[in-house]
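J.: Below is final-v6.cif; it holds mmCIF, C-alpha atoms.
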data_my_file
loop_
_atom_site.label_atom_id
_atom_site.label_comp_id
_atom_site.auth_asym_id
_atom_site.auth_seq_id
_atom_site.Cartn_x
_atom_site.Cartn_y
_atom_site.Cartn_z
CA MET A 159 -71.19 4.11 26.90
CA LYS A 160 -67.43 4.58 26.59
CA ASN A 161 -64.99 2.05 28.00
CA PHE A 162 -63.74 2.87 31.48
CA ASP A 163 -61.27 5.76 31.18
CA LEU A 164 -58.81 5.42 34.06
CA ASN A 165 -56.79 8.47 32.99
CA PHE A 166 -59.92 10.62 33.13
CA VAL A 167 -60.81 9.25 36.56
CA ARG A 168 -57.37 9.76 38.07
CA SER A 169 -57.17 13.27 36.65
CA HIS A 170 -59.90 14.18 39.17
CA PHE A 171 -57.74 13.33 42.19
CA TYR A 172 -54.82 15.45 43.41
CA ALA A 173 -53.34 12.29 44.94
CA PHE A 174 -52.32 11.11 41.47
CA ASP A 175 -50.64 14.32 40.35
CA SER A 176 -47.03 13.84 39.35
CA GLY A 177 -44.80 15.11 42.14
CA ASN A 178 -47.26 14.02 44.81
CA ASN A 179 -45.69 11.30 46.96
CA LEU A 180 -49.04 9.48 47.03
CA SER A 181 -48.88 9.05 43.26
CA LYS A 182 -45.92 6.71 43.71
CA LYS A 183 -47.86 4.42 46.02
CA ALA A 184 -50.07 1.48 45.15
CA PHE A 185 -52.76 2.33 47.69
CA PHE A 186 -54.78 -0.57 49.12
CA GLU A 187 -56.37 0.88 52.24
CA ASN A 188 -59.28 2.59 50.53
CA ALA A 189 -61.79 0.90 52.85
CA GLY A 190 -60.26 3.01 55.61
CA GLY A 191 -60.66 6.21 53.61
CA SER A 192 -60.48 7.03 49.92
CA PHE A 193 -58.72 9.99 48.34
CA PRO A 194 -60.95 13.09 48.06
CA CYS A 195 -61.76 14.22 44.54
CA ARG A 196 -60.69 17.62 43.21
CA PHE A 197 -64.21 19.04 43.38
CA VAL A 198 -64.31 18.40 47.13
CA VAL A 199 -60.83 19.75 47.81
CA ASP A 200 -61.49 22.86 45.72
CA LYS A 201 -64.80 23.55 47.45
CA LEU A 202 -63.23 23.07 50.88
CA THR A 203 -60.34 25.39 50.01
CA LYS A 204 -62.67 28.02 48.58
CA PHE A 205 -64.89 27.93 51.66
CA TYR A 206 -61.95 28.50 54.00
CA GLN A 207 -60.61 31.26 51.79
CA THR A 208 -63.81 33.19 51.09
CA THR A 209 -66.76 32.14 53.26
CA LYS A 210 -65.38 30.88 56.58
CA VAL A 211 -67.95 32.78 58.58
CA GLN A 212 -71.13 31.83 60.42
CA PRO A 213 -73.54 30.74 57.65
CA TYR A 214 -77.18 31.71 57.05
CA GLY A 215 -76.70 35.34 58.04
CA HIS A 216 -77.59 38.54 56.21
CA PHE A 217 -74.25 39.56 54.75
CA ASP A 218 -72.61 38.36 51.55
CA GLY A 219 -70.09 35.77 52.83
CA SER A 220 -72.59 34.32 55.27
CA ILE A 221 -75.30 34.03 52.64
CA GLU A 222 -72.93 32.30 50.23
CA ALA A 223 -71.77 29.89 52.95
CA GLY A 224 -75.34 28.85 53.70
CA GLU A 225 -76.14 28.41 50.03
CA GLU A 226 -73.13 26.13 49.56
CA MET A 227 -74.22 24.00 52.51
CA ASP A 228 -77.78 23.82 51.18
CA ASN A 229 -76.45 22.80 47.78
CA SER A 230 -74.67 19.86 49.38
CA PHE A 231 -77.82 18.63 51.09
CA ASN A 232 -79.69 18.91 47.79
CA LYS A 233 -77.01 17.06 45.83
CA VAL A 234 -76.71 14.21 48.34
CA ALA A 235 -80.49 13.78 48.27
CA GLN A 236 -80.45 13.73 44.46
CA MET A 237 -77.70 11.09 44.37
CA LEU A 238 -79.51 8.82 46.81
CA ARG A 239 -82.90 9.58 45.20
CA VAL A 240 -84.56 10.59 48.47
CA PRO A 241 -86.18 13.83 49.72
CA ARG A 242 -83.77 16.38 51.13
CA ASN A 243 -85.59 16.44 54.49
CA ASN A 244 -84.62 12.80 55.04
CA ILE A 245 -80.89 13.55 54.90
CA HIS A 246 -78.92 14.18 58.11
CA ILE A 247 -75.19 14.94 58.19
CA GLY A 248 -73.09 14.33 61.29
CA PRO A 249 -69.38 14.13 62.10
CA SER A 250 -69.12 10.37 61.47
CA THR A 251 -71.16 7.22 61.05
CA SER A 252 -70.16 6.04 64.53
CA GLN A 253 -71.43 9.30 66.00
CA ASN A 254 -74.65 9.06 63.98
CA THR A 255 -75.48 5.56 65.23
CA TYR A 256 -74.67 6.62 68.81
CA VAL A 257 -77.17 9.47 68.51
CA LEU A 258 -79.80 7.17 66.98
CA ALA A 259 -79.37 4.57 69.72
CA ASN A 260 -79.94 7.25 72.34
CA ALA A 261 -83.03 8.44 70.46
CA LEU A 262 -84.37 4.88 70.39
CA ARG A 263 -83.65 4.45 74.10
CA LEU A 264 -85.77 7.51 74.87
CA SER A 265 -88.59 6.58 72.51
CA ASN A 266 -91.98 5.18 73.48
CA LEU A 267 -91.77 2.14 71.23
CA LYS A 268 -93.52 -0.82 72.79
CA LYS A 269 -91.45 -3.35 70.87
CA LYS A 270 -88.18 -4.06 72.65
CA VAL A 271 -86.29 -6.60 70.54
CA ILE A 272 -83.26 -5.56 68.49
CA ILE A 273 -81.49 -7.88 66.05
CA VAL A 274 -77.81 -7.22 65.29
CA SER A 275 -75.23 -9.24 63.39
CA ASN A 276 -71.68 -10.24 64.26
CA GLN A 277 -70.58 -9.38 60.71
CA ASP A 278 -70.93 -5.67 61.37
CA HIS A 279 -68.44 -2.92 61.98
CA GLU A 280 -68.79 -2.14 65.68
CA SER A 281 -70.48 1.21 65.00
CA ASN A 282 -73.64 -0.59 63.84
CA THR A 283 -73.70 -3.31 66.46
CA GLY A 284 -72.16 -2.04 69.70
CA VAL A 285 -74.51 0.92 70.16
CA TRP A 286 -77.56 -1.31 69.76
CA ARG A 287 -76.16 -4.08 71.96
CA ASN A 288 -75.64 -1.52 74.72
CA LEU A 289 -79.41 -1.05 74.89
CA ALA A 290 -79.65 -4.49 76.50
CA SER A 291 -79.04 -2.72 79.82
CA GLN A 292 -81.89 -0.31 79.05
CA GLY A 293 -84.73 -2.82 78.86
CA PHE A 294 -84.20 -4.09 75.31
CA GLU A 295 -83.65 -7.70 74.27
CA VAL A 296 -80.77 -8.12 71.82
CA ARG A 297 -80.68 -11.09 69.45
CA GLU A 298 -77.61 -11.89 67.36
CA TRP A 299 -77.79 -12.86 63.71
CA LYS A 300 -74.66 -14.97 63.47
CA VAL A 301 -72.43 -15.59 60.49
CA ARG A 302 -71.73 -19.15 59.43
CA ILE A 303 -68.26 -20.65 59.22
CA ASN A 304 -67.49 -18.81 55.96
CA GLY A 305 -68.27 -15.42 57.53
CA SER A 306 -71.47 -14.92 55.53
CA LEU A 307 -74.92 -14.01 56.79
CA TYR A 308 -77.86 -16.09 55.57
CA LEU A 309 -81.47 -14.97 55.30
CA ASP A 310 -82.76 -18.32 56.60
CA ASP A 311 -80.92 -17.76 59.88
CA LEU A 312 -82.42 -14.28 60.23
CA LYS A 313 -85.93 -15.58 59.67
CA LYS A 314 -85.56 -17.78 62.76
CA LEU A 315 -84.92 -14.67 64.88
CA VAL A 316 -87.66 -12.42 63.51
CA ASP A 317 -91.09 -12.11 65.13
CA ARG A 318 -93.65 -9.41 65.91
CA ASN A 319 -91.65 -8.24 68.94
CA VAL A 320 -88.72 -6.99 66.84
CA CYS A 321 -88.43 -3.21 66.60
CA LEU A 322 -85.09 -2.95 64.73
CA ILE A 323 -82.82 -5.08 62.53
CA ALA A 324 -79.29 -3.66 62.11
CA PHE A 325 -76.96 -5.15 59.50
CA PRO A 326 -74.25 -4.20 56.96
CA HIS A 327 -74.90 -3.64 53.27
CA ALA A 328 -71.41 -5.07 52.73
CA SER A 329 -68.88 -6.53 55.15
CA ASN A 330 -65.74 -4.48 55.75
CA ILE A 331 -63.77 -7.73 56.13
CA ILE A 332 -65.09 -10.42 53.77
CA GLY A 333 -66.64 -7.98 51.30
CA GLN A 334 -69.97 -9.86 51.11
CA ILE A 335 -72.88 -7.83 49.71
CA ASN A 336 -75.97 -8.70 51.73
CA PRO A 337 -79.52 -8.94 50.27
CA VAL A 338 -80.68 -5.56 51.60
CA LYS A 339 -84.02 -5.45 49.81
CA GLU A 340 -85.06 -8.90 51.02
CA ILE A 341 -84.05 -8.10 54.60
CA CYS A 342 -85.96 -4.80 54.57
CA THR A 343 -89.02 -6.56 53.14
CA LEU A 344 -88.84 -9.20 55.89
CA ALA A 345 -88.62 -6.47 58.53
CA LYS A 346 -91.65 -4.65 57.17
CA GLU A 347 -93.70 -7.84 57.28
CA VAL A 348 -93.38 -7.83 61.09
CA GLY A 349 -93.49 -4.05 61.51
CA ALA A 350 -89.79 -3.68 62.32
CA PHE A 351 -87.41 -0.89 61.36
CA THR A 352 -84.08 -1.47 59.58
CA CYS A 353 -80.66 0.13 60.02
CA VAL A 354 -78.32 -0.51 57.08
CA ASP A 355 -74.61 0.26 57.44
CA GLY A 356 -73.59 1.21 53.91
CA VAL A 357 -70.07 2.39 54.78
CA SER A 358 -68.33 -0.51 53.02
CA TYR A 359 -70.72 -0.56 50.06
CA ALA A 360 -71.12 3.12 49.13
CA PRO A 361 -67.55 3.58 47.75
CA HIS A 362 -68.38 1.00 45.07
CA GLY A 363 -71.62 2.46 43.72
CA ILE A 364 -74.12 5.19 44.51
CA PRO A 365 -76.70 3.56 46.85
CA GLN A 366 -80.23 3.94 45.51
CA VAL A 367 -82.09 3.98 48.80
CA ASN A 368 -85.54 3.75 47.23
CA ASP A 369 -84.62 0.41 45.69
CA PHE A 370 -84.67 -1.32 49.09
CA ASP A 371 -86.55 1.15 51.33
CA PRO A 372 -84.70 0.97 54.66
CA ASP A 373 -85.51 3.16 57.66
CA ILE A 374 -81.88 4.07 58.28
CA TYR A 375 -79.07 4.09 55.72
CA LEU A 376 -75.61 5.25 56.77
CA PHE A 377 -72.29 5.84 55.05
CA SER A 378 -69.09 7.83 55.53
CA SER A 379 -68.35 10.47 52.91
CA TYR A 380 -64.59 10.30 53.54
CA LYS A 381 -64.76 6.80 52.06
CA THR A 382 -66.72 8.04 49.05
CA TYR A 383 -64.18 10.62 47.78
CA GLY A 384 -65.45 13.38 50.08
CA PRO A 385 -64.76 15.12 53.41
CA HIS A 386 -64.82 13.44 56.83
CA LEU A 387 -68.56 13.33 57.54
CA GLY A 388 -71.26 10.76 58.24
CA VAL A 389 -74.28 10.84 55.92
CA MET A 390 -77.54 9.40 57.20
CA TYR A 391 -80.93 8.77 55.60
CA LEU A 392 -83.90 8.40 57.98
CA SER A 393 -87.41 7.43 56.95
CA ASP A 394 -90.35 9.64 57.95
CA LYS A 395 -91.94 6.74 59.79
CA LEU A 396 -88.90 6.20 62.00
CA VAL A 397 -88.36 9.91 62.65
CA ALA A 398 -91.94 10.16 63.95
CA GLU A 399 -91.12 7.53 66.59
CA LEU A 400 -87.74 8.79 67.79
CA GLU A 401 -86.96 11.47 70.34
CA SER A 402 -85.27 14.57 68.97
CA GLN A 403 -81.56 14.85 69.85
CA CYS A 404 -80.93 18.50 68.99
CA HIS A 405 -81.49 21.82 70.78
CA TYR A 406 -85.16 22.14 71.61
CA PHE A 407 -85.59 25.18 69.37
CA ASN A 408 -84.23 23.24 66.37
CA LYS A 409 -86.33 20.10 66.65
CA GLU A 410 -88.84 21.23 64.03
CA LEU A 411 -86.03 21.57 61.47
CA PRO A 412 -85.85 18.16 59.76
CA ASN A 413 -82.13 18.16 58.94
CA LYS A 414 -81.14 19.11 62.50
CA LYS A 415 -83.30 16.79 64.57
CA PHE A 416 -80.60 14.14 64.97
CA THR A 417 -77.45 16.26 64.89
CA PRO A 418 -76.93 17.47 68.48
CA ALA A 419 -74.01 19.75 67.63
CA GLY A 420 -73.64 22.20 64.77
CA PRO A 421 -72.12 20.68 61.63
CA ASP A 422 -68.66 21.40 60.25
CA HIS A 423 -69.76 24.14 57.86
CA ALA A 424 -66.80 23.89 55.51
CA GLN A 425 -66.98 20.11 55.15
CA VAL A 426 -70.73 20.16 54.57
CA ALA A 427 -70.20 22.78 51.86
CA ALA A 428 -67.50 20.61 50.27
CA LEU A 429 -69.64 17.48 50.34
CA GLY A 430 -71.49 18.53 47.19
CA GLY A 431 -68.25 17.99 45.29
CA VAL A 432 -68.88 14.23 45.44
CA TYR A 433 -71.98 14.75 43.30
CA ASP A 434 -69.99 16.98 40.92
CA TYR A 435 -67.40 14.22 40.50
CA PHE A 436 -69.97 11.55 39.65
CA GLU A 437 -71.70 13.96 37.31
CA ALA A 438 -68.41 14.52 35.46
CA LEU A 439 -67.84 10.75 35.37
CA SER A 440 -71.32 10.21 33.95
CA HIS A 441 -71.04 12.92 31.34
CA HIS A 442 -67.63 11.67 30.15
CA HIS A 443 -68.62 8.01 29.86
CA GLN A 444 -72.31 8.29 28.99
CA ASN A 445 -72.54 11.80 27.55
CA ARG A 446 -75.36 12.68 29.94
CA GLU A 447 -75.85 14.25 33.35
CA LEU A 448 -75.78 12.20 36.52
CA PHE A 449 -79.20 12.64 38.00
CA SER A 450 -81.48 10.10 36.38
CA ASN A 451 -82.18 6.51 37.33
CA SER A 452 -80.62 5.15 34.15
CA SER A 453 -77.49 7.30 34.30
CA ILE A 454 -76.79 6.39 37.95
CA LYS A 455 -77.33 2.73 37.10
CA GLY A 456 -74.91 3.12 34.19
CA ILE A 457 -72.21 4.65 36.38
CA ASN A 458 -72.67 1.97 39.04
CA GLU A 459 -72.28 -0.75 36.42
CA LEU A 460 -69.20 0.96 34.98
CA ILE A 461 -67.59 1.09 38.42
CA SER A 462 -68.59 -2.47 39.34
CA ASN A 463 -67.27 -3.94 36.09
CA GLN A 464 -63.94 -2.14 36.48
CA GLU A 465 -63.51 -3.27 40.07
CA LYS A 466 -64.36 -6.89 39.24
CA LYS A 467 -61.86 -6.76 36.38
CA LEU A 468 -59.12 -5.90 38.89
CA LEU A 469 -60.40 -8.14 41.68
CA LYS A 470 -60.39 -11.41 39.72
CA PRO A 471 -56.61 -11.68 39.13
CA LEU A 472 -55.95 -10.82 42.79
CA LEU A 473 -58.34 -13.53 44.02
CA ASP A 474 -56.94 -16.01 41.49
CA PHE A 475 -53.42 -15.26 42.76
CA LEU A 476 -54.43 -15.71 46.41
CA LYS A 477 -56.13 -19.00 45.56
CA THR A 478 -52.77 -20.42 44.44
CA ARG A 479 -51.11 -19.55 47.73
CA LYS A 480 -51.14 -22.31 50.32
CA ASP A 481 -49.62 -19.90 52.84
CA VAL A 482 -52.57 -17.48 52.67
CA ARG A 483 -56.06 -17.78 54.14
CA LEU A 484 -58.65 -15.63 52.42
CA LEU A 485 -61.61 -14.56 54.53
CA GLY A 486 -64.65 -14.67 52.28
CA SER A 487 -65.34 -15.89 48.77
CA TYR A 488 -63.03 -16.23 45.76
CA ASP A 489 -66.02 -15.36 43.57
CA THR A 490 -66.11 -11.76 42.31
CA GLU A 491 -69.93 -11.75 42.27
CA ASP A 492 -71.87 -10.43 45.27
CA ARG A 493 -68.82 -8.92 46.90
CA VAL A 494 -66.89 -5.66 46.91
CA PRO A 495 -63.10 -5.43 46.41
CA THR A 496 -62.29 -5.52 50.11
CA VAL A 497 -60.01 -8.52 50.62
CA ALA A 498 -58.87 -9.71 54.06
CA ILE A 499 -56.15 -12.33 54.38
CA VAL A 500 -54.35 -14.16 57.16
CA THR A 501 -50.76 -15.28 56.63
CA LYS A 502 -48.13 -17.04 58.73
CA LYS A 503 -46.13 -13.82 58.94
CA SER A 504 -46.56 -10.91 61.30
CA ASN A 505 -49.08 -8.56 59.70
CA ILE A 506 -47.13 -5.50 60.76
CA ALA A 507 -43.86 -6.93 59.43
CA LEU A 508 -45.50 -7.75 56.10
CA ALA A 509 -47.11 -4.30 55.86
CA LYS A 510 -43.73 -2.65 56.49
CA GLU A 511 -42.07 -4.80 53.84
CA LEU A 512 -44.77 -3.90 51.33
CA ASN A 513 -44.43 -0.24 52.25
CA GLY A 514 -40.78 -0.52 51.27
CA LEU A 515 -42.06 -1.38 47.80
CA ASN A 516 -44.42 1.62 47.81
CA ILE A 517 -47.45 -0.59 48.49
CA SER A 518 -49.84 0.60 51.21
CA VAL A 519 -52.07 -1.99 52.94
CA GLY A 520 -54.21 -2.02 56.07
CA VAL A 521 -53.51 -4.05 59.21
CA GLY A 522 -55.74 -4.73 62.21
CA ASP A 523 -59.25 -5.75 63.24
CA PHE A 524 -60.97 -2.78 61.53
CA TYR A 525 -63.60 -2.62 64.29
CA ALA A 526 -64.96 -6.01 63.21
CA VAL A 527 -63.66 -7.89 66.25
CA ARG A 528 -66.79 -10.02 66.62
CA LEU A 529 -66.53 -11.26 63.03
CA LEU A 530 -62.83 -12.09 63.34
CA GLN A 531 -63.52 -13.99 66.56
CA ALA A 532 -66.28 -15.95 64.80
CA LEU A 533 -63.78 -16.80 62.06
CA ASP A 534 -61.16 -17.89 64.61
CA VAL A 535 -58.70 -15.15 63.72
CA ASP A 536 -56.09 -14.06 66.27
CA ILE A 537 -57.35 -10.62 67.31
CA ASP A 538 -53.89 -9.46 68.33
CA GLN A 539 -52.70 -10.10 64.78
CA GLY A 540 -55.91 -9.21 62.97
CA VAL A 541 -55.78 -9.37 59.19
CA ILE A 542 -54.05 -7.77 56.25
CA ARG A 543 -56.75 -5.86 54.37
CA LEU A 544 -56.34 -5.14 50.67
CA SER A 545 -59.05 -2.76 49.53
CA PHE A 546 -59.38 -0.75 46.36
CA VAL A 547 -61.87 1.32 44.37
CA HIS A 548 -62.42 2.28 40.74
CA TYR A 549 -59.43 4.65 40.55
CA THR A 550 -57.02 1.78 41.32
CA SER A 551 -54.96 0.72 38.30
CA GLU A 552 -54.12 -2.70 36.90
CA SER A 553 -50.44 -1.94 37.48
CA ASP A 554 -51.22 -1.28 41.16
CA VAL A 555 -52.77 -4.75 41.48
CA GLU A 556 -49.85 -6.33 39.62
CA LYS A 557 -47.44 -4.52 41.94
CA LEU A 558 -49.36 -5.81 44.96
CA MET A 559 -49.28 -9.42 43.77
CA SER A 560 -45.57 -9.15 43.03
CA GLY A 561 -44.91 -7.70 46.47
CA LEU A 562 -46.91 -10.40 48.23
CA ASP A 563 -45.15 -13.08 46.19
CA GLN A 564 -41.78 -11.63 47.16
CA HIS A 565 -42.39 -11.25 50.90
CA LEU A 566 -44.66 -14.19 51.66
#
Show me, as structure tokens, the structure contained in the file I just sent.
T.:
Amino acid sequence: MKNFDLNFVRSHFYAFDSGNNLSKKAFFENAGGSFPCRFVVDKLTKFYQTTKVQPYGHFDGSIEAGEEMDNSFNKVAQMLRVPRNNIHIGPSTSQNTYVLANALRLSNLKKKVIIVSNQDHESNTGVWRNLASQGFEVREWKVRINGSLYLDDLKKLVDRNVCLIAFPHASNIIGQINPVKEICTLAKEVGAFTCVDGVSYAPHGIPQVNDFDPDIYLFSSYKTYGPHLGVMYLSDKLVAELESQCHYFNKELPNKKFTPAGPDHAQVAALGGVYDYFEALSHHHQNRELFSNSSIKGINELISNQEKKLLKPLLDFLKTRKDVRLLGSYDTEDRVPTVAIVTKKSNIALAKELNGLNISVGVGDFYAVRLLQALDVDIDQGVIRLSFVHYTSESDVEKLMSGLDQHL
């Protein structure tokens, strides 16, 4: 395998073209949305220019539109290594979990206990907590003082009455990668379903769903170099238990059962560009096509090693600062490069000062209010979030550290 080729990677993003104002920025709010790759932008543009008609008809443009949408479903399924019929595409992850919670509410499941965590983004905790008013018992898997979730604590909550365990693959605040396979195995031992929020993990490696066998796996494609959509895997076993949420005449169509409204045709068609990007990345670095277990593993390792290479100096820098509180671990292992800090300055003031240096950072609670409260963080101030992905450069990280050093 070739060494990581940053120039090749950045050549696949319009954001880094010379003359683009974004190219002048050191961008550290990737956890809120990454730049779309060229394949996605080109597919989206082409769809609007040539096939922006009702798809799946019997005339040329309509036929082509439907084929492009089908191609995207096929490519997403290939990336995740799951059957196409298990893939559902909605407008966002928050919308997808809302639909699933309603489907669970209407189901005939006899088990009525749901376990949620307070490490989650609100989209994968609030919708399930709301079912407490609908006859369900909600138990909370709480983080410890460091913000991490521990399997031993979960085991104390699990029994044969549990129907669902909802938890994040990775935290969108402390960056912790949770032991998904072990949690899913524990759930299966008591006959419970699992809902894994992969939004904060998927930008850092292609999730191989079969490796941990959840019942629900969710992520947002606009954070994985694609259009603004929510991608959802559902197991056959869970689908058989849930009430359909689509038009009655569509409920026998597997990819429509849990998408009440029609999809955004153009964005679905463009979604396949994410696969095309990873395929190009694989071929360039490994000289082979993307879709094989070994090639996907190789690309994931390539991305992970590059991100850890950039993350270590940032964490080492923050460790020297007595005026900065890092939420989460200083260890680059078992975490993604999403770094949340608390300083003695106003977050907004600091973000504006960094923006003056062409450094873009995130500010706020990032819909993880419960976690910040557990960590005794002022919700009104929230945190400064520094998040990056594999297209971030070493000079970007150096620029960030210099800017923080200057304005802290």
J.: For the file shown, what are the residues hit by the PyMOL selection byres ((chain A and resi 237) around 7), laid out as a PyMOL selection string?
T.: chain A and resi 233-236+238-239+364+433+449
J.: Starting from the PyMOL selection byres ((chain A and resi 381) around 10), expand the selection into actual residues of this file and give them as a VMD selection string.
T.: chain A and resid 188 to 194 357 to 362 377 to 380 382 to 388 547
J.: Exactly which residues make up the result of the PyMOL selection byres ((chain A and resi 476) around 12) on this file, given as a ChimeraX atom specification?
T.: /A:469-475,477-489,497-501,544,558-560,562-563,566
J.: Here is a test: counting all atoms listed in the file, which residue of A:Glu399, A:Glu347, A:Glu459, A:Asp434 is nearest to Leu262 (chain A)?
T.: A:Glu399
J.: With distances taken over all atoms listed in the file, which of A:Gly430, A:Gly248, A:Pro418, A:Gly305 is nearest to Asp228 (chain A)?
T.: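 Closest candidate: A:Gly430.
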J.: For Asp538 (chain A), which residue among A:Lys510, A:Glu225, A:Glu437, A:Asn505 is the nearest when counting all atoms listed in the file?
T.: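 The answer is A:Asn505, which sits nearest to Asp538 (chain A).
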J.: Between A:Thr343, A:Gln292, A:Ser265, A:Ser518, which has the minimum distance to Arg543 (chain A) (counting all atoms listed in the file)?
T.: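 That would be A:Ser518, the residue with the smallest distance to Arg543 (chain A).
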J.: Can you measure CA of Glu295 (chain A) to CA of Tyr308 (chain A) for me? One decimal in Å is fine.
T.: 21.3 Å
